[in-house]
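Colleague: Attaching a single structure in structure tokens format; questions to follow.
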Amino acid sequence: MALTAEIYQAFEDVVGQRNISQDKGVLESYRCITSQSSAHYGPFDHKTPLPQAVIMPGSTEEVQKIIKLCNKYKIQFKASTTFWSAMGFIGSENAIQLDMRRMKGIEIDEKNMIAVVEPYAIGAVVQVEAMKVGLNCNIPGVGCSSSVVASTAGWVGFGPTSISMGVAGENMLGAEWVLPDGEVLRTGSLGAGAGWFNGEGPGPSTRSVLRGFQGTTGTMGVCTKVAIRLHPWPGPTCIPTRGQTPAYKASLPDNFKCYTLCYPSWEAWAKGAAMLHEAEIVYLGHRQFNMFGRDIKAAMLRILNDPNGQLADLEPLLQDPELKKQNELMKMDIQVVLAGMTARDIAYKEKVLDRILELCGGWKSEMMLEKDMQDYVLLYLLRLGHKNLNYTLCGSYEGNYGLSSNVFVATAVIEEASELKDKWAKTHTTIADTGGDSDMGSLSIIGGGGAMGWEFFVNFDAYDKASIQGTNDFIDETQKWMTSKGLGVDMGRWNQDIRRKDGLNFTQEEHDAMYVNAAQPLVFAYQWKVREAVNPNHLGGSYYRTLTPSKIGLA
Amino acid sequence: MNATLNQLAGIVGQAGVSTTPESLAAYASDSSFATPMKPAAVVKVQSAEQVEALVKWANQTQTPLVPVSSGAPHYKGDTVAEMPGSVIVDLSGMKKILNINRQQRMAVVEPGVTYGELQAALAKEGMCLSMPLAPRATKSVAASVLDLEPRLNALHQWNYTEPLRCTEVTWGDGNRMFTGEAGAGPRDLEKQWAAQKWQVSPTGPNMLDFYRLLTASQGTMGIVTWVSLRCELLPQVERTYLVPAAKLEDVNEFAYKTLRVRFSDGLFVMNGAALASLMGGNAEEVKTLKAELPTYVAVVNVVGRELLPEERVQAQEQDIAEIAQACGLQLLPSVPGLRAEQVRAKAFEPSQVPFWKETAKGAFQDIFFTTTLNRTPEFIEAVQKQAIAAGYPVEDIGVYIQPINMGVGCHCEFTLPYNAACAKESARAKKLFVDISETISSMGAYFSRPHGIWARLQLNKDAQSTIALKKVKGIFDPNGILNPGKLSV
């Protein structure tokens, strides 16, 4: 249903004519092909619903007024900034889309290592501003072009630097939050007028409502400002870059070291990773380039670093004996960056790293020690600005398996998982055949170590029904395999319960049927109660998972 | 009353219920200025099942429950009932260390386990737990981490709640669940361990951070029957230094710079009075030390663990010495009257009996809040002014500043020692406690752990936070049976 003229005018009165639109062309641009990064939403012609209007608020006060109007007229809303995947888009035909791009402020408290950011402050810009004063921020796997607020308050938020900086939720300090009923909650010390430094309390932390393992993906109001904890940056205030896209490189001082560590077995790899967790020497740790696939990663790195390189070069490069040898040597690898705070510090960290490799029988990849390659990898990982490469092979990708557990559990099954993928790729041709193991991800998804966060990249074509169906069939297989191993829900199915294939929200009845048999259905019943308490008109959509309490005998 | 006691005995057994005058008196008051109130009964629980049954019974009978995990003495008023007819739920008998896992550096403990007990068990596995400053010997580890007591090493705090990870809780409505990674199930620790799940990640499960609702809650949301804790490797080499300073600003600058580059494994600041209380064995020694010690001292600990421990310590001590020098200060192994190693031995271990804060005058009252390091001087100035106006000896006030959460914030604590046997001194200390609390609250001190009168001061500042808190309380403790009166405006 279209907004009435009266309602549209009410919204326009809040933001002004320039910041609202009902133009069909504009509205269509705020729809997402749902299978773009989640094959289970397929087929490719399924899109998220058309919003009734797109509104661009410019302040917390405007957001508050818009949400109060939404409550008055019972219209769903979703605020997004950098629109990663389908989760940034609405799930109802009676909904408006808030585009937060006008709110992009960044304030940095250098002394206390805090940045206060608005929704459209993206990771790249926050990082640049932080580096000017010797600080840095955790850039999660979604990449530096994404909103810091979205990853901090809206989703999971771990990345290469989480080993030393913590995951996004760990970095979240005070937050300014327009609740789904239009009231503004300022968490922790902020609400007390004491500054942004502490998001907890007073007493029990109500910030717990705003994010758990993951954020509430825009279903519980709009976060208009969030303070994040920054971390030391012992590098230059501006990173000197050179080269050509897509292989920009950075030469950093000698207190930065970038290595690809390789191990003879997964047992040795796991031992080395646990030692890296414990030794506290790593600034950044990520198994990055294996996303292209174990068999082709070295060749892909050569292509990316050749200004004239293209995918057509892949076949001849794969025949190069030296490259084959280098590829084989980094079969079980991980990229790490050491950052010394002083000359003594980097010397110590280098010694410890060498000792770890010695104890685990590991080595540093020779190919990755080439100056240009080191400089490329260093910039790539520090900045994480190449998210487009996820799509290079086939146009779309899905992260599956999701071996996000302790390193010893995950690595023990990687080869078996790889074999399953390899077999499927060779026999079904609906996913890219890249050598089975395309497992990639963070050395740790918790500050200080404890669990790795990996996913197998499965590359498919989102515009090809057979490819989507084949990918779905494959993930059905991997889910069966994960269930047989007691590894839980496949990452490729993480979002399956929050939006229907037709792009619309699930109904409460559908959610009830999903969660009534969960390991702890109580969790979803409490989430139902929380939603009723702060979002009485249910304006957030089904990304917030709930179970009607009476289904498990609760009042 | 007999019927009630029979019902309680039906849950925990006859031996677990006590109504003797002595046992009720033990919980009727504490060492704070909280108004005394005798409970109706004391119930000693032994299992999560008993706790669950007890909370369900309390909901049926509208009986207030006050959970207590630590042994006496208590100092913050949170274990003293505010409602007549309350039943004390004493968890101190739940003393099992359920699991220690070296591979994941995790431990799972019941609420009755004290620091001394846990550290001894962890040491056998080559590990230890980060410590708050010299906790009293009877302090429950679970109660300590749930109350977010500041840790000596801010750099191992990946957020304000470290080292707390997962929990088992019976909420106020009587429902029991696991929180965090453990909440993904199955709800059986043995089965989780068999599947190599070690309760590592605290978040969730799912979209709500359940465990955060239990932090700083003073037992008003749920009763926790185990916690999982992130541990550290036991140091192989450990050295401690002192950085004396005449001005707090200088020592704060040193702390900022040292933490900024992630150096040290424990760093805190005390004034001479606080350090003398910590180190003095009796009132006379405290007095002597106080006269000798510098105005402020930063205590800096550096450790080396498994790999190249000596190299790590050497590199850091040289770098930290240079940072001190750049701040016009010195990194020293001792100051007149005190060696740094002696400080480490006291600060990083549970306190001897009596609790070290009682050494100076027998009784004390703490005032603590969170702020940022750069704001601490203004709070100290305000407290000193207030003390002078009240005729309280300023030189007796202990100051303890503990950077937290990697240095983003700090715990700021004032200790007011007094002689409880002297009614005049007690009255003066009580009035000063209230006056200082109100003054610094108005200046922006953030009582993130709002014990006693601080709840009123803090929650009155922000209506929306209070409304949100009430909504959450209404979900998890709808009948208000858990420690009623606490955390209310």
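Identifiers in the structure tokens: chain A, B, ... in order shown; residue index from 1 per chain; ligand index from 1 in order shown.
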Excluding same-chain residues fewer than 3 positions from Glu285 of chain B, what lies within 12 Å of it counting only C-alpha atoms, as a list in words?
Modeller: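 Those residues are Ala273, Leu275, Ala276, Ser277, Leu278, Met279, Gly280, Gly281, Asn282, Thr288, Leu289, Lys290, Ala291, Glu292, Leu293, Gly337, Leu338, Thr359, Ala360 and Lys361 of chain B.
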Colleague: Deliver the residues from the most recent selection as a file, using all heavy atoms, as a short mmCIF file (atom, residue, chain, number, x, y, z; two decimals), in the first residue's frame.
Modeller:
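Heads up, here's the output in out-v9.cif:
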data_model
loop_
_atom_site.label_atom_id
_atom_site.label_comp_id
_atom_site.auth_asym_id
_atom_site.auth_seq_id
_atom_site.Cartn_x
_atom_site.Cartn_y
_atom_site.Cartn_z
N ALA B 273 48.39 7.24 51.38
CA ALA B 273 47.52 6.69 52.43
C ALA B 273 46.99 5.31 52.04
O ALA B 273 46.97 4.39 52.86
CB ALA B 273 46.35 7.65 52.68
N LEU B 275 48.31 3.22 49.83
CA LEU B 275 49.41 2.26 49.76
C LEU B 275 49.87 1.84 51.16
O LEU B 275 50.18 0.67 51.42
CB LEU B 275 50.57 2.88 48.96
CG LEU B 275 51.68 1.95 48.49
CD1 LEU B 275 51.12 0.75 47.73
CD2 LEU B 275 52.66 2.73 47.60
N ALA B 276 49.85 2.79 52.08
CA ALA B 276 50.23 2.47 53.46
C ALA B 276 49.23 1.50 54.09
O ALA B 276 49.62 0.57 54.81
CB ALA B 276 50.30 3.76 54.29
N SER B 277 47.96 1.68 53.78
CA SER B 277 46.95 0.75 54.31
C SER B 277 47.15 -0.65 53.76
O SER B 277 47.00 -1.64 54.47
CB SER B 277 45.54 1.21 53.92
OG SER B 277 45.17 2.31 54.69
N LEU B 278 47.47 -0.70 52.47
CA LEU B 278 47.68 -2.00 51.83
C LEU B 278 48.89 -2.72 52.45
O LEU B 278 48.85 -3.93 52.68
CB LEU B 278 47.90 -1.82 50.32
CG LEU B 278 48.22 -3.08 49.52
CD1 LEU B 278 47.00 -4.00 49.45
CD2 LEU B 278 48.66 -2.71 48.09
N MET B 279 49.94 -1.95 52.75
CA MET B 279 51.20 -2.56 53.14
C MET B 279 51.40 -2.66 54.64
O MET B 279 52.15 -3.53 55.11
CB MET B 279 52.37 -1.77 52.52
CG MET B 279 52.33 -1.69 50.99
SD MET B 279 52.20 -3.30 50.18
CE MET B 279 53.69 -4.08 50.75
N GLY B 280 50.78 -1.79 55.38
CA GLY B 280 51.02 -1.78 56.82
C GLY B 280 50.36 -2.95 57.52
O GLY B 280 49.21 -3.28 57.22
N GLY B 281 51.07 -3.60 58.41
CA GLY B 281 50.52 -4.76 59.09
C GLY B 281 49.61 -4.39 60.24
O GLY B 281 48.78 -5.20 60.67
N ASN B 282 49.77 -3.17 60.76
CA ASN B 282 48.90 -2.70 61.84
C ASN B 282 48.79 -1.19 61.77
O ASN B 282 49.45 -0.55 60.93
CB ASN B 282 49.46 -3.14 63.21
CG ASN B 282 50.91 -2.68 63.38
OD1 ASN B 282 51.22 -1.51 63.21
ND2 ASN B 282 51.80 -3.61 63.71
N THR B 288 53.20 5.11 60.09
CA THR B 288 54.61 5.36 59.78
C THR B 288 54.83 5.40 58.27
O THR B 288 55.49 6.31 57.74
CB THR B 288 55.49 4.24 60.40
OG1 THR B 288 55.14 4.13 61.77
CG2 THR B 288 56.96 4.56 60.25
N LEU B 289 54.29 4.39 57.61
CA LEU B 289 54.46 4.31 56.15
C LEU B 289 53.87 5.52 55.45
O LEU B 289 54.46 6.07 54.51
CB LEU B 289 53.76 3.06 55.62
CG LEU B 289 54.61 1.83 55.33
CD1 LEU B 289 53.72 0.68 54.87
CD2 LEU B 289 55.66 2.13 54.27
N LYS B 290 52.70 5.92 55.91
CA LYS B 290 52.00 7.04 55.27
C LYS B 290 52.87 8.30 55.30
O LYS B 290 52.90 9.06 54.33
CB LYS B 290 50.68 7.28 56.01
CG LYS B 290 49.67 8.09 55.24
CD LYS B 290 48.30 7.99 55.86
CE LYS B 290 48.29 8.58 57.26
NZ LYS B 290 46.96 8.56 57.87
N ALA B 291 53.59 8.44 56.38
CA ALA B 291 54.45 9.62 56.51
C ALA B 291 55.64 9.54 55.56
O ALA B 291 56.18 10.57 55.12
CB ALA B 291 54.94 9.74 57.95
N GLU B 292 56.06 8.33 55.24
CA GLU B 292 57.26 8.16 54.41
C GLU B 292 56.96 8.15 52.91
O GLU B 292 57.80 8.56 52.11
CB GLU B 292 57.92 6.81 54.75
CG GLU B 292 58.71 6.79 56.03
CD GLU B 292 59.39 5.45 56.20
OE1 GLU B 292 58.72 4.50 56.64
OE2 GLU B 292 60.57 5.34 55.86
N LEU B 293 55.80 7.64 52.55
CA LEU B 293 55.55 7.35 51.14
C LEU B 293 55.29 8.62 50.33
O LEU B 293 54.81 9.63 50.86
CB LEU B 293 54.35 6.40 51.00
CG LEU B 293 54.61 4.97 51.46
CD1 LEU B 293 53.32 4.15 51.45
CD2 LEU B 293 55.65 4.31 50.56
N GLY B 337 61.05 3.04 52.35
CA GLY B 337 60.08 2.34 53.19
C GLY B 337 59.37 1.20 52.49
O GLY B 337 58.60 0.46 53.11
N LEU B 338 59.63 1.02 51.20
CA LEU B 338 58.84 0.03 50.48
C LEU B 338 59.55 -0.49 49.24
O LEU B 338 60.07 0.29 48.45
CB LEU B 338 57.53 0.71 50.04
CG LEU B 338 56.33 -0.16 49.79
CD1 LEU B 338 55.98 -1.01 51.01
CD2 LEU B 338 55.15 0.72 49.42
N THR B 359 42.88 -2.02 58.41
CA THR B 359 44.10 -1.92 59.23
C THR B 359 44.27 -0.54 59.86
O THR B 359 44.66 -0.42 61.03
CB THR B 359 45.34 -2.25 58.38
OG1 THR B 359 45.08 -3.42 57.62
CG2 THR B 359 46.56 -2.46 59.25
N ALA B 360 43.97 0.49 59.09
CA ALA B 360 44.28 1.84 59.58
C ALA B 360 43.47 2.22 60.81
O ALA B 360 44.02 2.66 61.82
CB ALA B 360 44.05 2.85 58.46
N LYS B 361 42.15 2.03 60.74
CA LYS B 361 41.32 2.50 61.86
C LYS B 361 40.24 1.51 62.28
O LYS B 361 39.36 1.85 63.07
CB LYS B 361 40.66 3.84 61.50
CG LYS B 361 41.66 4.98 61.36
CD LYS B 361 40.96 6.31 61.31
CE LYS B 361 41.98 7.44 61.33
NZ LYS B 361 41.35 8.76 61.27
#
Colleague: Give me, as a list in words, all polymer residues having an atom no more than 7 Å from segment 294-296 of chain B, counting only C-alpha atoms and skipping those fewer than 5 positions away in the same chain.
Modeller: Pro244, Ala245, Ala246, Lys247, Leu248, Val269, Met270, Asn271 and Gly272 of chain B
Colleague: Got a sec: who's within 9 Å of Val145 of chain B, counting only C-alpha atoms, leaving out chain neighbours fewer than 5 positions off, as a PyMOL selection string?
Modeller: chain B and resi 140+150+161-164+215-216+227+229
Colleague: With N, CA and C atoms kept, could you save the residues just selected as an mmCIF file, in the first residue's frame?
Modeller:
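Below is the file selection_8.cif, written as the result:
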data_model
loop_
_atom_site.group_PDB
_atom_site.id
_atom_site.type_symbol
_atom_site.label_atom_id
_atom_site.label_comp_id
_atom_site.auth_asym_id
_atom_site.auth_seq_id
_atom_site.Cartn_x
_atom_site.Cartn_y
_atom_site.Cartn_z
ATOM 1 N N SER B 140 33.968 -14.173 47.076
ATOM 2 C CA SER B 140 33.596 -15.101 46.003
ATOM 3 C C SER B 140 34.103 -14.565 44.672
ATOM 4 N N PRO B 150 37.121 -3.981 39.501
ATOM 5 C CA PRO B 150 38.170 -3.677 38.516
ATOM 6 C C PRO B 150 39.359 -4.612 38.661
ATOM 7 N N THR B 161 33.634 -6.308 31.137
ATOM 8 C CA THR B 161 33.143 -7.442 31.920
ATOM 9 C C THR B 161 34.175 -8.553 32.098
ATOM 10 N N GLU B 162 35.352 -8.424 31.503
ATOM 11 C CA GLU B 162 36.380 -9.457 31.667
ATOM 12 C C GLU B 162 36.761 -9.606 33.142
ATOM 13 N N PRO B 163 37.085 -10.853 33.552
ATOM 14 C CA PRO B 163 37.236 -12.094 32.810
ATOM 15 C C PRO B 163 35.971 -12.966 32.808
ATOM 16 N N LEU B 164 34.820 -12.351 33.093
ATOM 17 C CA LEU B 164 33.567 -13.118 33.111
ATOM 18 C C LEU B 164 33.173 -13.530 31.699
ATOM 19 N N THR B 215 25.439 -8.410 35.407
ATOM 20 C CA THR B 215 26.581 -7.661 35.930
ATOM 21 C C THR B 215 26.096 -6.437 36.704
ATOM 22 N N ALA B 216 26.791 -6.174 37.793
ATOM 23 C CA ALA B 216 26.484 -5.023 38.667
ATOM 24 C C ALA B 216 25.015 -5.000 39.084
ATOM 25 N N VAL B 227 29.972 -19.693 36.910
ATOM 26 C CA VAL B 227 30.496 -18.742 35.928
ATOM 27 C C VAL B 227 31.694 -19.390 35.241
ATOM 28 N N LEU B 229 35.323 -18.448 33.352
ATOM 29 C CA LEU B 229 36.283 -17.351 33.502
ATOM 30 C C LEU B 229 37.464 -17.537 32.559
#
Colleague: Per DSSP on the backbone, what are the strand (DSSP E or B) residues of segment 31-94 of chain A, as a ChimeraX atom specification?
Modeller: /A:33,47,54-55,76-80
Colleague: Check segment 210-455 of chain A with DSSP on the backbone and list each residue it calls alpha helix (DSSP H), as a count of residues only.
Modeller: 89
Colleague: Of the candidates B:Gln325, B:Ser70, B:Asn6, B:Gln199, which one gets nearest to chain A if we count only C-alpha atoms?
Modeller: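 Checking each of B:Gln325, B:Ser70, B:Asn6, B:Gln199 against chain A, counting only C-alpha atoms, the winner is B:Gln199.
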Colleague: What is the distance, in Å and to one decimal place, between atom CA of Cys223 of chain A and atom CA of Val178 of chain A?
Modeller: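 Computed distance, atom CA of Cys223 of chain A to atom CA of Val178 of chain A, equals 6.1 Å.
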Colleague: Give one line per residue of segment 226-302 of chain B that approaches segment 233-253 of chain A to at most 12 Å, naming the two atoms of the closest pair and their distance in Å to one decimal, counting only C-alpha atoms; sort by chain then ascending residue number and deliver it as CSV.
Modeller:
residue,atom,partner,partner_atom,distance
B:Arg260,CA,A:Trp233,CA,9.3
B:Val261,CA,A:Pro234,CA,8.2
B:Arg262,CA,A:Trp233,CA,10.9
Colleague: Quick one: residues within 7 Å of Arg305 of chain B, only C-alpha atoms, excluding same-chain residues fewer than 2 positions away - as an NGL selection string?
Modeller: :B and (233-237 or 303 or 307 or 309)
Colleague: Print the selection's residues with all heavy atoms to a file, as an mmCIF file, in the first residue's frame.
Modeller:
data_model
loop_
_atom_site.group_PDB
_atom_site.id
_atom_site.type_symbol
_atom_site.label_atom_id
_atom_site.label_comp_id
_atom_site.auth_asym_id
_atom_site.auth_seq_id
_atom_site.Cartn_x
_atom_site.Cartn_y
_atom_site.Cartn_z
ATOM 1 N N LEU B 233 48.068 -17.369 31.481
ATOM 2 C CA LEU B 233 49.180 -18.268 31.782
ATOM 3 C C LEU B 233 49.944 -17.731 32.989
ATOM 4 O O LEU B 233 50.104 -16.516 33.151
ATOM 5 C CB LEU B 233 50.124 -18.376 30.582
ATOM 6 C CG LEU B 233 49.528 -18.977 29.307
ATOM 7 C CD1 LEU B 233 50.613 -19.188 28.261
ATOM 8 C CD2 LEU B 233 48.826 -20.295 29.605
ATOM 9 N N LEU B 234 50.403 -18.644 33.790
ATOM 10 C CA LEU B 234 51.157 -18.255 34.985
ATOM 11 C C LEU B 234 52.482 -17.610 34.572
ATOM 12 O O LEU B 234 53.198 -18.146 33.720
ATOM 13 C CB LEU B 234 51.435 -19.517 35.798
ATOM 14 C CG LEU B 234 51.606 -19.383 37.310
ATOM 15 C CD1 LEU B 234 50.407 -18.726 37.960
ATOM 16 C CD2 LEU B 234 51.841 -20.761 37.908
ATOM 17 N N PRO B 235 52.812 -16.457 35.132
ATOM 18 C CA PRO B 235 54.097 -15.833 34.775
ATOM 19 C C PRO B 235 55.288 -16.720 35.153
ATOM 20 O O PRO B 235 55.284 -17.351 36.209
ATOM 21 C CB PRO B 235 54.101 -14.552 35.606
ATOM 22 C CG PRO B 235 52.685 -14.292 35.946
ATOM 23 C CD PRO B 235 52.032 -15.641 36.060
ATOM 24 N N GLN B 236 56.273 -16.741 34.259
ATOM 25 C CA GLN B 236 57.539 -17.416 34.564
ATOM 26 C C GLN B 236 58.538 -16.423 35.165
ATOM 27 O O GLN B 236 59.397 -16.788 35.963
ATOM 28 C CB GLN B 236 58.153 -18.016 33.290
ATOM 29 C CG GLN B 236 57.224 -18.958 32.536
ATOM 30 C CD GLN B 236 56.852 -20.178 33.348
ATOM 31 O OE1 GLN B 236 57.719 -20.841 33.898
ATOM 32 N NE2 GLN B 236 55.563 -20.455 33.441
ATOM 33 N N VAL B 237 58.427 -15.208 34.688
ATOM 34 C CA VAL B 237 59.272 -14.126 35.215
ATOM 35 C C VAL B 237 58.332 -12.971 35.538
ATOM 36 O O VAL B 237 57.435 -12.667 34.759
ATOM 37 C CB VAL B 237 60.310 -13.661 34.162
ATOM 38 C CG1 VAL B 237 61.154 -12.518 34.706
ATOM 39 C CG2 VAL B 237 61.186 -14.825 33.719
ATOM 40 N N VAL B 303 55.384 -9.027 33.259
ATOM 41 C CA VAL B 303 55.610 -10.468 33.368
ATOM 42 C C VAL B 303 56.042 -11.051 32.031
ATOM 43 O O VAL B 303 55.782 -10.500 30.973
ATOM 44 C CB VAL B 303 54.345 -11.230 33.858
ATOM 45 C CG1 VAL B 303 53.739 -10.580 35.076
ATOM 46 C CG2 VAL B 303 53.315 -11.381 32.765
ATOM 47 N N LEU B 307 56.808 -18.087 26.439
ATOM 48 C CA LEU B 307 57.847 -17.948 25.408
ATOM 49 C C LEU B 307 58.739 -16.748 25.704
ATOM 50 O O LEU B 307 58.269 -15.628 25.828
ATOM 51 C CB LEU B 307 57.194 -17.800 24.032
ATOM 52 C CG LEU B 307 56.395 -19.019 23.556
ATOM 53 C CD1 LEU B 307 55.671 -18.719 22.254
ATOM 54 C CD2 LEU B 307 57.294 -20.237 23.398
ATOM 55 N N PRO B 309 60.329 -15.494 28.272
ATOM 56 C CA PRO B 309 59.796 -14.612 29.332
ATOM 57 C C PRO B 309 60.772 -13.514 29.760
ATOM 58 O O PRO B 309 60.369 -12.366 29.962
ATOM 59 C CB PRO B 309 59.504 -15.584 30.480
ATOM 60 C CG PRO B 309 60.286 -16.822 30.190
ATOM 61 C CD PRO B 309 60.395 -16.898 28.702
#
Colleague: Go through B:Ile481, B:Val297, B:Ala184, B:Leu267 one by one, measure the shortest atom-to-atom distance of each to chain A using only C-alpha atoms, and give the residue with the smallest value.
Modeller: B:Ala184
Colleague: As an MDAnalysis selection string, please: the residues near segment 115-117 of chain B (cut-off 9 Å, only C-alpha atoms, same-chain neighbours under 4 positions excluded).
Modeller: chainID B and resid 97 121:122 129 131 135:141 349:350
Colleague: Which one is closest to Gln469 of chain A: A:Cys360, A:Ile66, A:Ile431, A:Ile334? Count only C-alpha atoms.
Modeller: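 The shortest atom-to-atom distance to Gln469 of chain A comes from A:Ile431.
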Colleague: Quick one: residues within 7 Å of segment 449-462 of chain A, only C-alpha atoms counted, chain neighbours fewer than 3 positions away excluded, as an MDAnalysis selection string?
Modeller: (chainID A and resid 35:36 44 163 277 291 393:407 430:432 438:446 467:468) or (chainID B and resid 104 200)
